[in-house]
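Novice: If it helps, the file is called final11.cif and holds mmCIF, N, CA and C atoms:
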data_final
#
loop_
_atom_site.label_atom_id
_atom_site.label_comp_id
_atom_site.auth_asym_id
_atom_site.auth_seq_id
_atom_site.Cartn_x
_atom_site.Cartn_y
_atom_site.Cartn_z
N MET A 189 38.66 6.83 -1.27
CA MET A 189 38.61 5.64 -2.09
C MET A 189 38.00 6.00 -3.44
N VAL A 190 38.67 5.65 -4.49
CA VAL A 190 38.21 5.92 -5.84
C VAL A 190 37.67 4.61 -6.43
N LEU A 191 36.47 4.66 -6.95
CA LEU A 191 35.86 3.47 -7.53
C LEU A 191 36.24 3.36 -9.00
N SER A 192 36.43 2.13 -9.46
CA SER A 192 36.67 1.92 -10.88
C SER A 192 35.40 2.26 -11.63
N SER A 193 35.53 2.42 -12.93
CA SER A 193 34.34 2.77 -13.72
C SER A 193 33.31 1.65 -13.65
N GLU A 194 33.74 0.40 -13.61
CA GLU A 194 32.80 -0.72 -13.50
C GLU A 194 32.10 -0.71 -12.15
N ALA A 195 32.87 -0.45 -11.08
CA ALA A 195 32.29 -0.39 -9.74
C ALA A 195 31.32 0.78 -9.63
N SER A 196 31.64 1.91 -10.25
CA SER A 196 30.73 3.07 -10.24
C SER A 196 29.43 2.75 -10.97
N TYR A 197 29.57 2.07 -12.11
CA TYR A 197 28.40 1.66 -12.89
C TYR A 197 27.49 0.76 -12.05
N ILE A 198 28.08 -0.23 -11.41
CA ILE A 198 27.31 -1.17 -10.59
C ILE A 198 26.65 -0.44 -9.42
N ALA A 199 27.38 0.45 -8.76
CA ALA A 199 26.83 1.20 -7.63
C ALA A 199 25.65 2.07 -8.06
N LEU A 200 25.80 2.74 -9.21
CA LEU A 200 24.71 3.59 -9.70
C LEU A 200 23.51 2.76 -10.15
N LYS A 201 23.76 1.61 -10.74
CA LYS A 201 22.66 0.75 -11.16
C LYS A 201 21.88 0.25 -9.94
N ILE A 202 22.60 -0.14 -8.90
CA ILE A 202 21.93 -0.57 -7.66
C ILE A 202 21.15 0.58 -7.05
N GLN A 203 21.72 1.79 -7.09
CA GLN A 203 21.03 2.96 -6.56
C GLN A 203 19.74 3.22 -7.36
N ALA A 204 19.81 3.12 -8.67
CA ALA A 204 18.62 3.32 -9.51
C ALA A 204 17.56 2.28 -9.19
N GLU A 205 17.96 1.03 -9.04
CA GLU A 205 17.00 -0.03 -8.70
C GLU A 205 16.37 0.21 -7.34
N THR A 206 17.16 0.72 -6.40
CA THR A 206 16.63 1.05 -5.07
C THR A 206 15.61 2.19 -5.17
N PHE A 207 15.90 3.18 -6.01
CA PHE A 207 14.94 4.27 -6.23
C PHE A 207 13.63 3.73 -6.81
N VAL A 208 13.73 2.75 -7.70
CA VAL A 208 12.52 2.16 -8.29
C VAL A 208 11.70 1.49 -7.19
N VAL A 209 12.35 0.72 -6.33
CA VAL A 209 11.66 0.03 -5.24
C VAL A 209 10.98 1.05 -4.33
N ALA A 210 11.64 2.17 -4.09
CA ALA A 210 11.09 3.23 -3.23
C ALA A 210 10.10 4.11 -3.97
N GLU A 211 9.82 3.77 -5.22
CA GLU A 211 8.91 4.53 -6.08
C GLU A 211 9.36 5.97 -6.30
N ARG A 212 10.65 6.16 -6.29
CA ARG A 212 11.24 7.46 -6.62
C ARG A 212 11.67 7.37 -8.08
N ARG A 213 10.69 7.33 -8.95
CA ARG A 213 10.93 7.02 -10.36
C ARG A 213 11.76 8.07 -11.09
N GLU A 214 11.55 9.34 -10.81
CA GLU A 214 12.34 10.37 -11.49
C GLU A 214 13.80 10.28 -11.08
N ASP A 215 14.06 10.04 -9.79
CA ASP A 215 15.44 9.86 -9.33
C ASP A 215 16.07 8.64 -10.01
N ALA A 216 15.29 7.57 -10.13
CA ALA A 216 15.79 6.37 -10.79
C ALA A 216 16.10 6.66 -12.26
N ALA A 217 15.20 7.37 -12.94
CA ALA A 217 15.42 7.69 -14.35
C ALA A 217 16.68 8.53 -14.53
N THR A 218 16.87 9.52 -13.67
CA THR A 218 18.07 10.36 -13.75
C THR A 218 19.33 9.53 -13.53
N THR A 219 19.28 8.62 -12.57
CA THR A 219 20.43 7.77 -12.29
C THR A 219 20.70 6.82 -13.45
N TYR A 220 19.65 6.25 -14.04
CA TYR A 220 19.83 5.40 -15.21
C TYR A 220 20.49 6.19 -16.35
N GLU A 221 20.09 7.45 -16.53
CA GLU A 221 20.71 8.27 -17.59
C GLU A 221 22.21 8.45 -17.35
N LYS A 222 22.61 8.61 -16.09
CA LYS A 222 24.02 8.81 -15.77
C LYS A 222 24.88 7.64 -16.22
N ILE A 223 24.28 6.45 -16.27
CA ILE A 223 25.07 5.27 -16.66
C ILE A 223 24.71 4.78 -18.07
N GLY A 224 23.98 5.64 -18.80
CA GLY A 224 23.70 5.34 -20.19
C GLY A 224 22.58 4.35 -20.42
N MET A 225 21.75 4.11 -19.41
CA MET A 225 20.62 3.19 -19.56
C MET A 225 19.39 3.99 -19.98
N TRP A 226 19.42 4.49 -21.21
CA TRP A 226 18.40 5.40 -21.72
C TRP A 226 17.03 4.74 -21.82
N LYS A 227 17.00 3.49 -22.23
CA LYS A 227 15.73 2.78 -22.38
C LYS A 227 15.01 2.69 -21.03
N GLU A 228 15.72 2.31 -19.98
CA GLU A 228 15.14 2.19 -18.64
C GLU A 228 14.64 3.56 -18.15
N ALA A 229 15.43 4.60 -18.41
CA ALA A 229 15.04 5.95 -18.00
C ALA A 229 13.74 6.36 -18.69
N GLY A 230 13.65 6.09 -19.99
CA GLY A 230 12.45 6.43 -20.75
C GLY A 230 11.23 5.66 -20.28
N GLU A 231 11.41 4.35 -19.99
CA GLU A 231 10.29 3.54 -19.52
C GLU A 231 9.75 4.06 -18.20
N LEU A 232 10.65 4.45 -17.30
CA LEU A 232 10.19 4.99 -16.02
C LEU A 232 9.43 6.29 -16.20
N ARG A 233 9.94 7.15 -17.08
CA ARG A 233 9.25 8.43 -17.31
C ARG A 233 7.88 8.21 -17.96
N ARG A 234 7.77 7.22 -18.82
CA ARG A 234 6.45 6.90 -19.41
C ARG A 234 5.49 6.41 -18.33
N LYS A 235 6.01 5.63 -17.38
CA LYS A 235 5.17 5.16 -16.28
C LYS A 235 4.69 6.33 -15.43
N ILE A 236 5.57 7.30 -15.21
CA ILE A 236 5.20 8.48 -14.42
C ILE A 236 4.05 9.22 -15.11
N ARG A 237 4.15 9.39 -16.41
CA ARG A 237 3.12 10.13 -17.15
C ARG A 237 1.82 9.35 -17.27
N SER A 238 1.90 8.02 -17.25
CA SER A 238 0.69 7.23 -17.49
C SER A 238 0.05 6.68 -16.23
N GLN A 239 0.45 7.16 -15.08
CA GLN A 239 -0.17 6.67 -13.85
C GLN A 239 -1.66 6.98 -13.86
N VAL A 240 -2.42 5.98 -13.46
CA VAL A 240 -3.86 6.12 -13.43
C VAL A 240 -4.31 6.01 -11.98
N VAL A 241 -5.17 6.90 -11.58
CA VAL A 241 -5.72 6.86 -10.24
C VAL A 241 -7.15 6.34 -10.35
N THR A 242 -7.41 5.28 -9.60
CA THR A 242 -8.74 4.69 -9.61
C THR A 242 -9.36 4.91 -8.24
N GLN A 243 -10.55 5.42 -8.22
CA GLN A 243 -11.27 5.59 -6.97
C GLN A 243 -12.40 4.57 -6.92
N VAL A 244 -12.48 3.91 -5.80
CA VAL A 244 -13.55 2.95 -5.58
C VAL A 244 -14.29 3.38 -4.32
N HIS A 245 -15.59 3.47 -4.42
CA HIS A 245 -16.40 3.84 -3.28
C HIS A 245 -17.06 2.58 -2.73
N VAL A 246 -16.79 2.31 -1.46
CA VAL A 246 -17.35 1.14 -0.81
C VAL A 246 -18.10 1.62 0.43
N ASN A 247 -19.31 1.13 0.58
CA ASN A 247 -20.10 1.48 1.74
C ASN A 247 -19.77 0.49 2.85
N MET A 248 -19.10 0.98 3.90
CA MET A 248 -18.68 0.13 5.01
C MET A 248 -19.89 -0.51 5.69
N ASN A 249 -20.99 0.23 5.76
CA ASN A 249 -22.20 -0.34 6.38
C ASN A 249 -22.70 -1.55 5.60
N ASP A 250 -22.60 -1.50 4.28
CA ASP A 250 -23.01 -2.66 3.46
C ASP A 250 -22.12 -3.86 3.73
N LEU A 251 -20.82 -3.61 3.88
CA LEU A 251 -19.90 -4.71 4.17
C LEU A 251 -20.20 -5.33 5.53
N ILE A 252 -20.45 -4.50 6.52
CA ILE A 252 -20.78 -5.01 7.86
C ILE A 252 -22.10 -5.77 7.80
N ASP A 253 -23.06 -5.28 7.02
CA ASP A 253 -24.33 -5.98 6.86
C ASP A 253 -24.11 -7.35 6.22
N GLN A 254 -23.19 -7.44 5.27
CA GLN A 254 -22.88 -8.74 4.66
C GLN A 254 -22.29 -9.69 5.69
N LEU A 255 -21.43 -9.18 6.58
CA LEU A 255 -20.89 -10.01 7.65
C LEU A 255 -22.03 -10.55 8.52
N ARG A 256 -22.98 -9.65 8.87
CA ARG A 256 -24.11 -10.05 9.70
C ARG A 256 -24.94 -11.13 9.01
N GLN A 257 -25.26 -10.91 7.73
CA GLN A 257 -26.08 -11.86 6.99
C GLN A 257 -25.41 -13.23 6.87
N MET A 258 -24.10 -13.22 6.75
CA MET A 258 -23.36 -14.47 6.60
C MET A 258 -22.96 -15.09 7.94
N GLY A 259 -23.19 -14.36 9.02
CA GLY A 259 -22.80 -14.86 10.34
C GLY A 259 -21.29 -14.93 10.52
N LEU A 260 -20.57 -14.02 9.88
CA LEU A 260 -19.11 -14.03 9.91
C LEU A 260 -18.58 -12.85 10.72
N SER A 261 -17.29 -12.91 11.00
CA SER A 261 -16.62 -11.77 11.60
C SER A 261 -15.24 -11.65 10.97
N ALA A 262 -14.72 -10.44 10.99
CA ALA A 262 -13.39 -10.17 10.47
C ALA A 262 -12.55 -9.60 11.60
N THR A 263 -11.28 -9.94 11.62
CA THR A 263 -10.39 -9.40 12.64
C THR A 263 -9.41 -8.45 11.97
N TYR A 264 -9.29 -7.27 12.56
CA TYR A 264 -8.39 -6.24 12.08
C TYR A 264 -7.43 -5.93 13.22
N ALA A 265 -6.15 -5.85 12.92
CA ALA A 265 -5.16 -5.52 13.95
C ALA A 265 -4.80 -4.04 13.85
N CYS A 266 -4.83 -3.38 14.99
CA CYS A 266 -4.43 -1.97 15.04
C CYS A 266 -3.01 -1.85 14.50
N PRO A 267 -2.77 -0.92 13.57
CA PRO A 267 -1.42 -0.78 13.01
C PRO A 267 -0.39 -0.29 14.02
N SER A 268 -0.83 0.30 15.11
CA SER A 268 0.13 0.82 16.10
C SER A 268 0.40 -0.17 17.23
N CYS A 269 -0.66 -0.63 17.90
CA CYS A 269 -0.45 -1.48 19.08
C CYS A 269 -0.73 -2.95 18.80
N ARG A 270 -1.21 -3.27 17.59
CA ARG A 270 -1.51 -4.63 17.14
C ARG A 270 -2.65 -5.29 17.90
N SER A 271 -3.45 -4.50 18.65
CA SER A 271 -4.62 -5.05 19.33
C SER A 271 -5.63 -5.51 18.30
N PRO A 272 -6.24 -6.68 18.54
CA PRO A 272 -7.22 -7.17 17.57
C PRO A 272 -8.57 -6.47 17.73
N ILE A 273 -9.16 -6.12 16.63
CA ILE A 273 -10.49 -5.52 16.62
C ILE A 273 -11.36 -6.46 15.80
N THR A 274 -12.39 -6.99 16.42
CA THR A 274 -13.29 -7.90 15.72
C THR A 274 -14.44 -7.10 15.14
N VAL A 275 -14.67 -7.29 13.85
CA VAL A 275 -15.75 -6.60 13.15
C VAL A 275 -16.77 -7.65 12.76
N ASN A 276 -18.01 -7.45 13.22
CA ASN A 276 -19.09 -8.35 12.85
C ASN A 276 -20.36 -7.54 12.64
N GLY A 277 -21.46 -8.21 12.45
CA GLY A 277 -22.72 -7.52 12.15
C GLY A 277 -23.21 -6.59 13.23
N SER A 278 -22.74 -6.76 14.46
CA SER A 278 -23.19 -5.90 15.55
C SER A 278 -22.17 -4.83 15.93
N THR A 279 -21.10 -4.72 15.16
CA THR A 279 -20.07 -3.73 15.45
C THR A 279 -20.59 -2.34 15.12
N SER A 280 -20.48 -1.43 16.07
CA SER A 280 -20.94 -0.07 15.84
C SER A 280 -19.87 0.73 15.11
N PRO A 281 -20.28 1.66 14.27
CA PRO A 281 -19.32 2.45 13.48
C PRO A 281 -18.30 3.20 14.33
N ASP A 282 -18.66 3.63 15.55
CA ASP A 282 -17.71 4.37 16.38
C ASP A 282 -16.52 3.49 16.81
N LYS A 283 -16.71 2.18 16.86
CA LYS A 283 -15.61 1.28 17.20
C LYS A 283 -14.65 1.10 16.03
N LEU A 284 -15.08 1.52 14.83
CA LEU A 284 -14.23 1.38 13.65
C LEU A 284 -13.45 2.66 13.34
N ALA A 285 -13.69 3.70 14.11
CA ALA A 285 -13.02 4.97 13.86
C ALA A 285 -11.59 4.99 14.42
N LYS A 286 -11.43 4.45 15.62
CA LYS A 286 -10.10 4.46 16.23
C LYS A 286 -9.96 3.29 17.19
N CYS A 287 -8.72 2.97 17.51
CA CYS A 287 -8.42 1.86 18.40
C CYS A 287 -8.90 2.19 19.81
N GLN A 288 -9.62 1.26 20.39
CA GLN A 288 -10.14 1.45 21.74
C GLN A 288 -9.02 1.35 22.79
N PHE A 289 -7.85 0.81 22.39
CA PHE A 289 -6.75 0.62 23.32
C PHE A 289 -5.75 1.77 23.30
N CYS A 290 -5.32 2.18 22.09
CA CYS A 290 -4.26 3.20 22.01
C CYS A 290 -4.73 4.51 21.37
N GLY A 291 -5.94 4.52 20.76
CA GLY A 291 -6.48 5.74 20.18
C GLY A 291 -6.07 6.02 18.75
N THR A 292 -5.31 5.13 18.13
CA THR A 292 -4.89 5.33 16.74
C THR A 292 -6.10 5.35 15.82
N VAL A 293 -6.16 6.32 14.92
CA VAL A 293 -7.25 6.42 13.96
C VAL A 293 -7.01 5.38 12.87
N PHE A 294 -8.06 4.61 12.57
CA PHE A 294 -7.94 3.55 11.58
C PHE A 294 -8.09 4.08 10.16
N SER A 295 -7.42 3.43 9.24
CA SER A 295 -7.57 3.71 7.82
C SER A 295 -8.80 2.96 7.33
N SER A 296 -9.77 3.67 6.77
CA SER A 296 -10.97 2.99 6.28
C SER A 296 -10.63 2.01 5.17
N THR A 297 -9.59 2.30 4.41
CA THR A 297 -9.17 1.39 3.34
C THR A 297 -8.68 0.07 3.92
N ASP A 298 -7.88 0.13 4.97
CA ASP A 298 -7.38 -1.09 5.60
C ASP A 298 -8.52 -1.91 6.20
N LEU A 299 -9.45 -1.24 6.87
CA LEU A 299 -10.62 -1.94 7.42
C LEU A 299 -11.43 -2.60 6.33
N MET A 300 -11.67 -1.86 5.25
CA MET A 300 -12.44 -2.39 4.13
C MET A 300 -11.78 -3.62 3.56
N GLU A 301 -10.46 -3.60 3.43
CA GLU A 301 -9.74 -4.75 2.89
C GLU A 301 -9.85 -5.96 3.80
N ALA A 302 -9.78 -5.75 5.11
CA ALA A 302 -9.89 -6.86 6.06
C ALA A 302 -11.27 -7.50 5.98
N ILE A 303 -12.32 -6.67 5.89
CA ILE A 303 -13.68 -7.19 5.79
C ILE A 303 -13.91 -7.87 4.44
N THR A 304 -13.42 -7.25 3.39
CA THR A 304 -13.61 -7.80 2.04
C THR A 304 -12.94 -9.17 1.91
N ARG A 305 -11.78 -9.35 2.55
CA ARG A 305 -11.11 -10.66 2.50
C ARG A 305 -12.02 -11.75 3.07
N VAL A 306 -12.71 -11.44 4.17
CA VAL A 306 -13.60 -12.43 4.79
C VAL A 306 -14.84 -12.64 3.95
N VAL A 307 -15.49 -11.56 3.55
CA VAL A 307 -16.73 -11.66 2.76
C VAL A 307 -16.45 -12.31 1.41
N GLY A 308 -15.33 -11.99 0.82
CA GLY A 308 -15.00 -12.54 -0.50
C GLY A 308 -14.65 -14.01 -0.51
N HIS A 309 -14.27 -14.55 0.65
CA HIS A 309 -13.90 -15.96 0.73
C HIS A 309 -15.09 -16.86 0.98
N HIS A 310 -16.24 -16.30 1.23
CA HIS A 310 -17.42 -17.13 1.52
C HIS A 310 -18.51 -16.92 0.51
#
Take the structure from the file and write it as structure tokens.

Specialist:
Amino acid sequence: MVLSSEASYIALKIQAETFVVAERREDAATTYEKIGMWKEAGELRRKIRSQVVTQVHVNMNDLIDQLRQMGLSATYACPSCRSPITVNGSTSPDKLAKCQFCGTVFSSTDLMEAITRVVGHH
């Protein structure tokens, strides 16, 4: 099957947009160039060069202490088995390392976000 030039253009544009969604920016830029979308290709390449990495250090013990002081708890679902893990002021750090049901190691970032959502709302 041979695609018309318009159909090829549309297919490549959709492919480039899909690459953007998948954060494959260089592939998207190359695809945009193939269809003459130079401005879009340049914008993506500028984004690639200007990416900024921000590191934030959060003390999980301080967050748990805030839960204790406020009398609150946060619920985190294991990403693998979806078992609920309740985090409150009496939660020991070893229970935050991995799922007690399936053994999956937890992402400290995900745990921090779950606790911060609760602490930040009160």

Novice: Just how far from atom CA of Tyr264 of chain A is atom CA of Leu299 of chain A, in Å to one decimal?

Specialist: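 So the answer is 6.7 Å.
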
Novice: Which one is closest to Val293 of chain A: A:Glu211, A:Met225, A:Pro267, A:Pro281? Count all atoms listed in the file.

Specialist: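 The shortest atom-to-atom distance to Val293 of chain A comes from A:Pro267.
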
Novice: With only N, CA and C atoms as the atoms that count, which of A:Gln254, A:Ser268, A:Val275, A:Cys287 lies nearest to Val307 of chain A?

Specialist: A:Gln254

Novice: Would you list the contacts of Lys201 of chain A as a list in words, taking every protein, DNA or RNA residue within 10 Å and counting only C-alpha atoms, but skipping same-chain residues closer than 3 positions in sequence?

Specialist: Ala195, Ser196, Tyr197, Ile198, Ala204, Glu205, Thr206, Phe207, Ala216, Thr219, Tyr220, Lys222, Ile223 and Met225 of chain A

Novice: Just to be explicit: take each residue in the selection above, keep N, CA and C atoms, and write the result as a CSV table (one decimal), in the frame of the given file.

Specialist:
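Output contents, as saved in part11.csv:
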chain,number,residue,atom,x,y,z
A,195,ALA,N,32.9,-0.4,-11.1
A,195,ALA,CA,32.3,-0.4,-9.7
A,195,ALA,C,31.3,0.8,-9.6
A,196,SER,N,31.6,1.9,-10.2
A,196,SER,CA,30.7,3.1,-10.2
A,196,SER,C,29.4,2.8,-11.0
A,197,TYR,N,29.6,2.1,-12.1
A,197,TYR,CA,28.4,1.7,-12.9
A,197,TYR,C,27.5,0.8,-12.0
A,198,ILE,N,28.1,-0.2,-11.4
A,198,ILE,CA,27.3,-1.2,-10.6
A,198,ILE,C,26.6,-0.4,-9.4
A,204,ALA,N,19.8,3.1,-8.7
A,204,ALA,CA,18.6,3.3,-9.5
A,204,ALA,C,17.6,2.3,-9.2
A,205,GLU,N,18.0,1.0,-9.0
A,205,GLU,CA,17.0,0.0,-8.7
A,205,GLU,C,16.4,0.2,-7.3
A,206,THR,N,17.2,0.7,-6.4
A,206,THR,CA,16.6,1.0,-5.1
A,206,THR,C,15.6,2.2,-5.2
A,207,PHE,N,15.9,3.2,-6.0
A,207,PHE,CA,14.9,4.3,-6.2
A,207,PHE,C,13.6,3.7,-6.8
A,216,ALA,N,15.3,7.6,-10.1
A,216,ALA,CA,15.8,6.4,-10.8
A,216,ALA,C,16.1,6.7,-12.3
A,219,THR,N,19.3,8.6,-12.6
A,219,THR,CA,20.4,7.8,-12.3
A,219,THR,C,20.7,6.8,-13.4
A,220,TYR,N,19.6,6.2,-14.0
A,220,TYR,CA,19.8,5.4,-15.2
A,220,TYR,C,20.5,6.2,-16.4
A,222,LYS,N,22.6,8.6,-16.1
A,222,LYS,CA,24.0,8.8,-15.8
A,222,LYS,C,24.9,7.6,-16.2
A,223,ILE,N,24.3,6.4,-16.3
A,223,ILE,CA,25.1,5.3,-16.7
A,223,ILE,C,24.7,4.8,-18.1
A,225,MET,N,21.8,4.1,-19.4
A,225,MET,CA,20.6,3.2,-19.6
A,225,MET,C,19.4,4.0,-20.0

Novice: What is the atom C of Val306 of chain A-atom CA of Lys286 of chain A distance in Å, reported with one decimal?

Specialist: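 Atom CA of Lys286 of chain A lies 21.6 Å from atom C of Val306 of chain A.
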
Novice: Run the PyMOL selection byres (((chain A and resi 246 and name CA) around 12) and name CA) mentally over the shown coordinates, then write out the matched residues as a list of chain:residue names, using the chain letters and numbers from the document.

Specialist: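 Checked against the file, the PyMOL selection byres (((chain A and resi 246 and name CA) around 12) and name CA) matches A:Gln243, A:Val244, A:His245, A:Asn247, A:Met248, A:Asn249, A:Asp250, A:Leu251, A:Ile252, A:Ser296, A:Thr297, A:Leu299, A:Met300, A:Glu301, A:Ile303, A:Thr304.
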